[in-house]
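Below is the file input_2.cif, which contains mmCIF, N, CA and C atoms.
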```
data_data
#
loop_
_atom_site.label_atom_id
_atom_site.label_comp_id
_atom_site.auth_asym_id
_atom_site.auth_seq_id
_atom_site.Cartn_x
_atom_site.Cartn_y
_atom_site.Cartn_z
N MET A 1 0.81 -1.18 0.00
CA MET A 1 0.00 0.00 0.00
C MET A 1 0.86 1.26 0.00
N ASP A 2 2.02 1.17 0.62
CA ASP A 2 2.90 2.33 0.68
C ASP A 2 3.32 2.76 -0.73
N GLN A 3 3.62 1.78 -1.58
CA GLN A 3 4.00 2.08 -2.96
C GLN A 3 2.82 2.68 -3.73
N THR A 4 1.61 2.21 -3.44
CA THR A 4 0.42 2.73 -4.10
C THR A 4 0.22 4.21 -3.78
N MET A 5 0.44 4.58 -2.53
CA MET A 5 0.29 5.99 -2.15
C MET A 5 1.31 6.85 -2.89
N ARG A 6 2.52 6.36 -3.03
CA ARG A 6 3.55 7.13 -3.74
C ARG A 6 3.21 7.30 -5.22
N VAL A 7 2.72 6.24 -5.83
CA VAL A 7 2.33 6.30 -7.24
C VAL A 7 1.17 7.27 -7.43
N LEU A 8 0.17 7.20 -6.54
CA LEU A 8 -0.97 8.11 -6.65
C LEU A 8 -0.55 9.56 -6.45
N ALA A 9 0.38 9.81 -5.56
CA ALA A 9 0.88 11.17 -5.36
C ALA A 9 1.60 11.67 -6.61
N LEU A 10 2.40 10.82 -7.22
CA LEU A 10 3.11 11.20 -8.44
C LEU A 10 2.13 11.46 -9.57
N VAL A 11 1.12 10.60 -9.71
CA VAL A 11 0.11 10.79 -10.75
C VAL A 11 -0.63 12.10 -10.52
N ALA A 12 -0.99 12.39 -9.28
CA ALA A 12 -1.69 13.64 -8.97
C ALA A 12 -0.85 14.86 -9.33
N ILE A 13 0.43 14.82 -9.00
CA ILE A 13 1.31 15.94 -9.34
C ILE A 13 1.43 16.11 -10.84
N LEU A 14 1.63 15.00 -11.56
CA LEU A 14 1.76 15.09 -13.02
C LEU A 14 0.49 15.59 -13.68
N LEU A 15 -0.67 15.12 -13.23
CA LEU A 15 -1.92 15.57 -13.81
C LEU A 15 -2.18 17.04 -13.50
N TYR A 16 -1.72 17.49 -12.33
CA TYR A 16 -1.95 18.89 -11.96
C TYR A 16 -1.09 19.84 -12.78
N ILE A 17 0.16 19.45 -13.05
CA ILE A 17 1.04 20.36 -13.78
C ILE A 17 0.97 20.18 -15.29
N ALA A 18 0.30 19.14 -15.77
CA ALA A 18 0.23 18.89 -17.22
C ALA A 18 -0.34 20.07 -18.00
N PRO A 19 -1.44 20.71 -17.57
CA PRO A 19 -1.94 21.84 -18.34
C PRO A 19 -0.95 23.01 -18.42
N ARG A 20 -0.16 23.18 -17.39
CA ARG A 20 0.84 24.26 -17.41
C ARG A 20 1.97 23.94 -18.38
N VAL A 21 2.31 22.67 -18.49
CA VAL A 21 3.38 22.26 -19.38
C VAL A 21 2.95 22.38 -20.84
N PHE A 22 1.72 21.94 -21.14
CA PHE A 22 1.25 21.94 -22.52
C PHE A 22 0.67 23.27 -22.96
N GLY A 23 0.39 24.15 -22.03
CA GLY A 23 -0.04 25.51 -22.35
C GLY A 23 -1.34 25.59 -23.14
N ASP A 24 -1.28 26.26 -24.29
CA ASP A 24 -2.47 26.52 -25.10
C ASP A 24 -2.98 25.28 -25.84
N ARG A 25 -2.21 24.21 -25.85
CA ARG A 25 -2.65 23.00 -26.55
C ARG A 25 -3.71 22.23 -25.77
N VAL A 26 -3.97 22.65 -24.52
CA VAL A 26 -4.97 21.99 -23.68
C VAL A 26 -6.17 22.91 -23.55
N SER A 27 -7.35 22.40 -23.89
CA SER A 27 -8.55 23.22 -23.78
C SER A 27 -8.97 23.35 -22.32
N GLN A 28 -9.90 24.26 -22.07
CA GLN A 28 -10.37 24.46 -20.70
C GLN A 28 -11.06 23.21 -20.16
N ALA A 29 -11.81 22.51 -21.00
CA ALA A 29 -12.47 21.28 -20.57
C ALA A 29 -11.45 20.20 -20.21
N GLN A 30 -10.39 20.07 -21.00
CA GLN A 30 -9.34 19.10 -20.69
C GLN A 30 -8.60 19.48 -19.42
N ARG A 31 -8.38 20.78 -19.24
CA ARG A 31 -7.69 21.26 -18.03
C ARG A 31 -8.51 20.90 -16.78
N LEU A 32 -9.82 21.12 -16.84
CA LEU A 32 -10.67 20.78 -15.70
C LEU A 32 -10.67 19.27 -15.45
N TRP A 33 -10.70 18.47 -16.53
CA TRP A 33 -10.66 17.03 -16.38
C TRP A 33 -9.36 16.58 -15.72
N LEU A 34 -8.24 17.16 -16.13
CA LEU A 34 -6.95 16.79 -15.55
C LEU A 34 -6.89 17.15 -14.07
N TRP A 35 -7.40 18.33 -13.71
CA TRP A 35 -7.39 18.74 -12.30
C TRP A 35 -8.31 17.88 -11.47
N ARG A 36 -9.46 17.47 -12.03
CA ARG A 36 -10.37 16.59 -11.30
C ARG A 36 -9.75 15.21 -11.11
N ALA A 37 -9.08 14.71 -12.13
CA ALA A 37 -8.40 13.41 -12.01
C ALA A 37 -7.29 13.49 -10.97
N ALA A 38 -6.56 14.60 -10.95
CA ALA A 38 -5.51 14.78 -9.95
C ALA A 38 -6.11 14.82 -8.55
N SER A 39 -7.23 15.50 -8.40
CA SER A 39 -7.89 15.56 -7.09
C SER A 39 -8.37 14.18 -6.66
N ALA A 40 -8.89 13.41 -7.59
CA ALA A 40 -9.35 12.06 -7.26
C ALA A 40 -8.18 11.17 -6.84
N ALA A 41 -7.08 11.24 -7.56
CA ALA A 41 -5.90 10.44 -7.20
C ALA A 41 -5.38 10.83 -5.83
N LEU A 42 -5.36 12.11 -5.55
CA LEU A 42 -4.91 12.59 -4.25
C LEU A 42 -5.86 12.14 -3.14
N ALA A 43 -7.15 12.19 -3.39
CA ALA A 43 -8.13 11.77 -2.39
C ALA A 43 -8.01 10.28 -2.08
N VAL A 44 -7.78 9.46 -3.10
CA VAL A 44 -7.60 8.02 -2.87
C VAL A 44 -6.32 7.78 -2.07
N GLY A 45 -5.26 8.49 -2.38
CA GLY A 45 -4.02 8.35 -1.62
C GLY A 45 -4.19 8.73 -0.16
N ILE A 46 -4.94 9.80 0.09
CA ILE A 46 -5.19 10.22 1.47
C ILE A 46 -6.06 9.20 2.19
N ALA A 47 -7.06 8.65 1.49
CA ALA A 47 -7.91 7.63 2.10
C ALA A 47 -7.10 6.39 2.48
N ILE A 48 -6.19 5.98 1.62
CA ILE A 48 -5.33 4.84 1.93
C ILE A 48 -4.45 5.14 3.14
N ALA A 49 -3.91 6.36 3.19
CA ALA A 49 -3.06 6.74 4.32
C ALA A 49 -3.86 6.73 5.63
N LEU A 50 -5.09 7.23 5.59
CA LEU A 50 -5.92 7.22 6.80
C LEU A 50 -6.27 5.80 7.22
N PHE A 51 -6.56 4.94 6.27
CA PHE A 51 -6.87 3.55 6.56
C PHE A 51 -5.66 2.85 7.19
N GLU A 52 -4.48 3.07 6.61
CA GLU A 52 -3.28 2.44 7.16
C GLU A 52 -2.95 2.99 8.55
N THR A 53 -3.20 4.27 8.77
CA THR A 53 -2.99 4.86 10.10
C THR A 53 -3.93 4.23 11.12
N PHE A 54 -5.18 4.03 10.72
CA PHE A 54 -6.14 3.37 11.61
C PHE A 54 -5.67 1.95 11.95
N LEU A 55 -5.22 1.21 10.94
CA LEU A 55 -4.73 -0.15 11.18
C LEU A 55 -3.51 -0.15 12.08
N TRP A 56 -2.63 0.83 11.91
CA TRP A 56 -1.42 0.89 12.70
C TRP A 56 -1.75 1.15 14.17
N PHE A 57 -2.69 2.10 14.42
CA PHE A 57 -3.05 2.41 15.80
C PHE A 57 -3.87 1.30 16.45
N SER A 58 -4.67 0.59 15.65
CA SER A 58 -5.50 -0.47 16.25
C SER A 58 -4.75 -1.79 16.39
N GLY A 59 -3.62 -1.91 15.70
CA GLY A 59 -2.88 -3.17 15.72
C GLY A 59 -1.89 -3.21 16.78
#
```

Any chance you could put this one into structure tokens?
Amino acid sequence: MDQTMRVLALVAILLYIAPRVFGDRVSQAQRLWLWRAASAALAVGIAIALFETFLWFSG
């Protein structure tokens, strides 16, 4: 799970900065989609971290 959180964090960062890298080649709709996907990846990573923290404290 630790590796999964790292991968999700990397994906979130890449999706967030992608519109800035590609500039005008990305439409506003694509930019919003990329930011939403980055937010979803980050949310899943945080959920996994909270779940693992709960397991660590209860174990």

Do you know which residues are at most 8 Å from Ala37 of chain A counting all atoms listed in the file, after dropping those on the same chain fewer than 3 positions away, and could you put them as a short mmCIF file (atom, residue, chain, number, x, y, z; two decimals) with N, CA and C atoms, keeping the file's coordinate frame?
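Output (around.cif):
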```cif
data_model
loop_
_atom_site.label_atom_id
_atom_site.label_comp_id
_atom_site.auth_asym_id
_atom_site.auth_seq_id
_atom_site.Cartn_x
_atom_site.Cartn_y
_atom_site.Cartn_z
N VAL A 11 1.12 10.60 -9.71
CA VAL A 11 0.11 10.79 -10.75
C VAL A 11 -0.63 12.10 -10.52
N ALA A 12 -0.99 12.39 -9.28
CA ALA A 12 -1.69 13.64 -8.97
C ALA A 12 -0.85 14.86 -9.33
N LEU A 15 -0.67 15.12 -13.23
CA LEU A 15 -1.92 15.57 -13.81
C LEU A 15 -2.18 17.04 -13.50
N TYR A 16 -1.72 17.49 -12.33
CA TYR A 16 -1.95 18.89 -11.96
C TYR A 16 -1.09 19.84 -12.78
N ARG A 31 -8.38 20.78 -19.24
CA ARG A 31 -7.69 21.26 -18.03
C ARG A 31 -8.51 20.90 -16.78
N LEU A 32 -9.82 21.12 -16.84
CA LEU A 32 -10.67 20.78 -15.70
C LEU A 32 -10.67 19.27 -15.45
N TRP A 33 -10.70 18.47 -16.53
CA TRP A 33 -10.66 17.03 -16.38
C TRP A 33 -9.36 16.58 -15.72
N LEU A 34 -8.24 17.16 -16.13
CA LEU A 34 -6.95 16.79 -15.55
C LEU A 34 -6.89 17.15 -14.07
N ALA A 40 -8.89 13.41 -7.59
CA ALA A 40 -9.35 12.06 -7.26
C ALA A 40 -8.18 11.17 -6.84
N ALA A 41 -7.08 11.24 -7.56
CA ALA A 41 -5.90 10.44 -7.20
C ALA A 41 -5.38 10.83 -5.83
N LEU A 42 -5.36 12.11 -5.55
CA LEU A 42 -4.91 12.59 -4.25
C LEU A 42 -5.86 12.14 -3.14
N ALA A 43 -7.15 12.19 -3.39
CA ALA A 43 -8.13 11.77 -2.39
C ALA A 43 -8.01 10.28 -2.08
#
```

Handout entry: Result set, the PyMOL selection byres (((chain A and resi 5 and name CA) around 12) and name CA) on current file, as a ChimeraX atom specification
Key = /A:1-4,6-12,41-52

Exercise for the section: Could you tell me how far atom N of Leu14 of chain A lies from atom CA of Thr53 of chain A, in Å and to one decimal? Expected result: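 Atom-to-atom, atom N of Leu14 of chain A and atom CA of Thr53 of chain A are spaced 24.4 Å apart.
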
Problem - Å distance separating atom N of Trp35 of chain A from atom CA of Arg20 of chain A, one decimal place - result: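 So the answer is 10.8 Å.
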
Provide an axis-aligned box for all listed atoms of segment 32-51 of chain A, padding each side by 8 Å; report its centre and its edge lengths in Å to one decimal, as JSON.
```
{"center_x": -6.9, "center_y": 12.0, "center_z": -4.8, "size_x": 23.6, "size_y": 34.3, "size_z": 40.1}
```

Handout entry: Separation of atom CA of Ser39 of chain A from atom N of Phe57 of chain A, in Å and rounded to one decimal
Key =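 Value for the atom CA of Ser39 of chain A-atom N of Phe57 of chain A distance: 25.9 Å.
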